[in-house]
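Undergrad: Please see the structure below; I have some questions.
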Amino acid sequence: MNYWLMKNEPEDYSIDDLAKDKTEPWDGIRNYQVRNMIRDEMRLGDNAFFYHSNCDIPGIYGQMTICKEAYVDHTAFDKNAKYYDPKSKKDTPRWLMVDVKFKKKFNKIVSLKELKSFKELSQMRVVQRGNRLSITKLEKKEWDFIIKLTK
DNA sequence: GCCAACGTTGGC
DNA sequence: GCCAACGTTGGC
């Protein structure tokens, strides 16, 4: 069992959208480090936090699980898609995605500011300067610590 | 294979 | 909207 933090801009797709849709393909990953992580390490049933970035209060807004392991991100083939990549060909696809399933929206969100205030969480990539990975891995103890903050 | 230029991310 | 940080591109 792995623990993840997955960022998205709420204007693009938010925890409320996921609450409505129940499951959703997490498409648009266009970073090799992140692609390799979801391909090699992300497994069915893993837990993930839904993090809102580029918004009024960046932070963790809810919880989800991985309900489909990595498969071809077909949006890379679509000229009209936001993350179209002409270099990803159908016979040699470059990008992958997973499906996520809604678990809960937190009554009490955990803001980035709050995450930064605990020394227990200082190793998390998301609180570190210059981190640009849209998906990062957490330790179980970090996961448990954050869950407590939502209560 | 180096590295400058450029594009993107994302907090503030 | 600014800008620091970082990844990618492409000329050489």
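Each chain of the structure tokens is named A, B, ... in the order shown, its residues numbered from 1; ligands are numbered from 1 in display order.
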Mind the document's chain letters and residue numbers, and return as a PDB file with C-alpha atoms, in the first residue's frame the residues of chain A that DSSP labels alpha helix (DSSP H).
TA:
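Writing done, so here's result-v5.pdb:
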ATOM      1  CA  ILE A  15     -12.526  17.656  -5.360  1.00  0.00           C
ATOM      2  CA  ASP A  16     -16.156  18.717  -5.859  1.00  0.00           C
ATOM      3  CA  ASP A  17     -16.036  17.548  -9.463  1.00  0.00           C
ATOM      4  CA  LEU A  18     -14.648  14.209  -8.322  1.00  0.00           C
ATOM      5  CA  ALA A  19     -17.314  13.928  -5.617  1.00  0.00           C
ATOM      6  CA  LYS A  20     -19.893  14.266  -8.366  1.00  0.00           C
ATOM      7  CA  ASP A  21     -18.212  11.984 -10.922  1.00  0.00           C
ATOM      8  CA  TYR A  32       8.789  11.831 -17.004  1.00  0.00           C
ATOM      9  CA  GLN A  33       9.499  11.488 -13.295  1.00  0.00           C
ATOM     10  CA  VAL A  34       5.803  11.489 -12.530  1.00  0.00           C
ATOM     11  CA  ARG A  35       5.032   9.118 -15.395  1.00  0.00           C
ATOM     12  CA  ASN A  36       7.633   6.653 -14.174  1.00  0.00           C
ATOM     13  CA  MET A  37       6.243   6.780 -10.639  1.00  0.00           C
ATOM     14  CA  ILE A  38       2.682   6.047 -11.685  1.00  0.00           C
ATOM     15  CA  ARG A  39       3.925   3.282 -14.005  1.00  0.00           C
ATOM     16  CA  ASP A  40       6.332   1.592 -11.587  1.00  0.00           C
ATOM     17  CA  LEU A 112      -0.087  24.360   2.509  1.00  0.00           C
ATOM     18  CA  LYS A 113       0.618  26.928   5.197  1.00  0.00           C
ATOM     19  CA  GLU A 114      -0.433  24.428   7.837  1.00  0.00           C
ATOM     20  CA  LEU A 115       1.574  21.603   6.227  1.00  0.00           C
ATOM     21  CA  LYS A 140       2.535   6.330   5.987  1.00  0.00           C
ATOM     22  CA  LYS A 141       3.377   8.316   9.113  1.00  0.00           C
ATOM     23  CA  GLU A 142       2.948  11.561   7.144  1.00  0.00           C
ATOM     24  CA  TRP A 143      -0.380  10.321   5.796  1.00  0.00           C
ATOM     25  CA  ASP A 144      -1.594   9.402   9.280  1.00  0.00           C
ATOM     26  CA  PHE A 145      -0.421  12.730  10.694  1.00  0.00           C
ATOM     27  CA  ILE A 146      -2.333  14.668   8.035  1.00  0.00           C
ATOM     28  CA  ILE A 147      -5.484  12.578   8.485  1.00  0.00           C
ATOM     29  CA  LYS A 148      -5.464  13.590  12.154  1.00  0.00           C
ATOM     30  CA  LEU A 149      -5.293  17.250  11.156  1.00  0.00           C
TER      31      LEU A 149
END
Undergrad: Which of chain A end up as strand (DSSP E or B) when DSSP is run on this backbone - answer as a PyMOL selection string?
TA: chain A and resi 3-8+23-26+47-52+59-72+89+92+96-111+135-138
Undergrad: Residues of chain A within 12 Å of chain C, using only C-alpha atoms (C1' of nucleotides), as an MDAnalysis selection string?
TA: chainID A and resid 30:33 128:133
Undergrad: Mind pulling up the distance from CA of Cys55 in chain A to CA of Asp27 in chain A?
TA: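 Atom-to-atom, CA of Asp27 in chain A and CA of Cys55 in chain A are spaced 19.9 Å apart.
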Undergrad: Near Val100 in chain A, counting only C-alpha atoms (C1' of nucleotides), which residues have an atom at most 10 Å away, once you skip same-chain residues fewer than 2 positions from it, shown as a list in words?
TA: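 Residues meeting the cut-off are Leu18, Lys22, Thr23, Glu24, Pro25, Trp26, Leu44, Gly45, Asp46, Asn47, Ala48, Phe50, Gln63, Met64, Thr65, Ile66, Cys67, Lys68, Glu69, Met97, Val98, Phe102 and Lys103 of chain A.
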Undergrad: Filtering to C-alpha atoms, could you give me those residues as a CSV table (one decimal), in the first residue's frame?
TA:
chain,number,residue,atom,x,y,z
A,18,LEU,CA,-14.6,14.2,-8.3
A,22,LYS,CA,-17.1,9.3,-8.4
A,23,THR,CA,-14.2,8.2,-10.6
A,24,GLU,CA,-12.1,10.0,-13.1
A,25,PRO,CA,-9.1,9.5,-15.3
A,26,TRP,CA,-6.1,11.5,-14.0
A,44,LEU,CA,-4.6,-0.5,-7.3
A,45,GLY,CA,-6.0,0.5,-4.0
A,46,ASP,CA,-3.3,3.0,-3.1
A,47,ASN,CA,-4.4,6.0,-1.1
A,48,ALA,CA,-4.0,9.6,-2.4
A,50,PHE,CA,-6.4,15.5,-3.6
A,63,GLN,CA,-9.0,11.8,-0.2
A,64,MET,CA,-9.2,9.2,-3.0
A,65,THR,CA,-8.0,5.8,-4.0
A,66,ILE,CA,-6.4,4.5,-7.2
A,67,CYS,CA,-9.0,2.4,-9.0
A,68,LYS,CA,-7.1,1.7,-12.2
A,69,GLU,CA,-3.4,1.3,-12.7
A,97,MET,CA,-2.6,8.0,-16.6
A,98,VAL,CA,-4.4,6.2,-13.8
A,102,PHE,CA,-13.5,9.6,-4.7
A,103,LYS,CA,-13.3,8.7,-1.1
Undergrad: Which residues are close to Ser14 in chain A, i.e. within 10 Å by only C-alpha atoms (C1' of nucleotides), leaving aside same-chain residues fewer than 3 positions away? Reply as a list in words.
TA: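 What passes the distance filter is Lys7, Asn8, Glu9, Pro10, Glu11, Asp17, Leu18, Ala19, Phe50, Tyr51, His52, Ser53, Tyr61 and Gly62 of chain A.
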Undergrad: Between CA of Gln123 in chain A and CA of Met6 in chain A, what is the distance in Å, rounded to a tenth?
TA: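 These two atoms are separated by 16.3 Å.
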